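Everything below concerns the one structure shown next.
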Amino acid sequence: MSHPSYFDKLQRFAGAQPFLPFISRRHLQVVAVGAASGEGAPSRQSFEVMNCSHNPISVAGEQLSEGQKHVAQVGETINLLGEDGHGGVAPYLSFRLLWLGAPATRSGGSLSRAFSTLPASSLFRKDSAQDVPDAASAWPSARPSARPPFQLILAGSAVVKGLAPALRVIDGHEGGISVGRAHQRELHEKAFVDGVLEYVSRDHFTVKAGRDGHFAVSALSQNPMWHSRGSRLQLLEPGHVPVRLQHADVLILYTGSEDSSHPEGPGSLGSLQWVFKVLSTS
């Protein structure tokens, strides 16, 4: 909610790792403690970080669940954690607390304006891949030959932990693809926790190329599904005009929520998401 386009832009450079499903509308809060905000040397600055999301984070090496807090110093790292494909969690984004060399003002610009002028490469840990050497291998990657125009990548808490990465990805075709129990039988038999499959139809949705060359999604099932882009959530229904897809858009399927207007309300068996990934043509 606070940065509507920031994470969407980052996803475009994330390769085969679909992290958007793990980003909450309000994910974490950072508040200056110790020395007054913008005062003193870096060694005196500390920040209280609170996890506001049901997805875990780690602060200075300490893993936090929703509602938990931890104090970090300048130079320490905040990691956003997601499923690693092997039943555990791994960082997919790392933010480091940096000293800007000048005190923040109490006017509207202050720290956030100065922070935004730094190059993106300086905001993320360059050694994150070394910290978690197997994290990248948990995510499906494009095949070297006969590259498809797009992929759909499975994510969410309704997916069985430790599911083989090869079963998490569906290659699209130039003309499009249909998704449902009748089309990806092995995936649908193995991928979901108990009870979820009854909400997946034989023909659930299609992704097809339009005359303009762009792909669009159409719902085929009477079970609700949604199209998500950033903070926007749109219900898709059979017979409606297809919705054009962009890289990193998320398709969310219903898994039994008592409130059928929201995908993850009470009674839901978990989140079930297909991330739309456009593959580079270069």
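Simple scheme: letters A, B, ... for chains in structure tokens order, numbers from 1 for residues in each chain, numbers from 1 for ligands in the order shown.
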Problem - Residues near stretch 78-92 of chain A, cut-off 7 Å, only C-alpha atoms, skip fewer than 4 positions along chain, as a ChimeraX atom specification - result: /A:19,22,55-60,96,135,138,161-163,165
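For the pair atom CA of A:Ala158 and atom CA of A:Gln63, the interatomic distance is 22.4 Å.
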Practice task
Kindly give the distance, in Å, that separates atom CA of A:Asp249 and atom CA of A:Gly210, rounded to a single decimal.
Solution key: 17.1 Å
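You will find atom CA of A:Phe7 at 9.9 Å from atom CA of A:Ala248.
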Completion exercise
Across A:Pro242, A:Ser157, A:Gln29, A:Arg185, the smallest distance to A:Glu264, with only C-alpha atoms counted, is shown by A:Ser157
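Contact shell of stretch 191-198 of chain A at 8 Å (only C-alpha atoms; same-chain neighbours under 3 positions omitted): A:Ala158, A:Val159, A:Val160, A:Leu163, A:Leu167, A:Arg168, A:Leu187, A:His188, A:Ser201, A:Thr255, A:Gly256, A:Leu269.
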Practice task
Give the answer as one residue: which of A:Ser178, A:Ser53, A:Ser257, A:Gln184 has the shortest atom-to-atom distance to A:Tyr199, using only C-alpha atoms?
Solution key: A:Ser257
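Distance annotation: of A:Leu235, A:Val74, A:Met1, A:Leu245, the residue with the minimal separation from A:Gln151 is A:Leu245; atom set is only C-alpha atoms.
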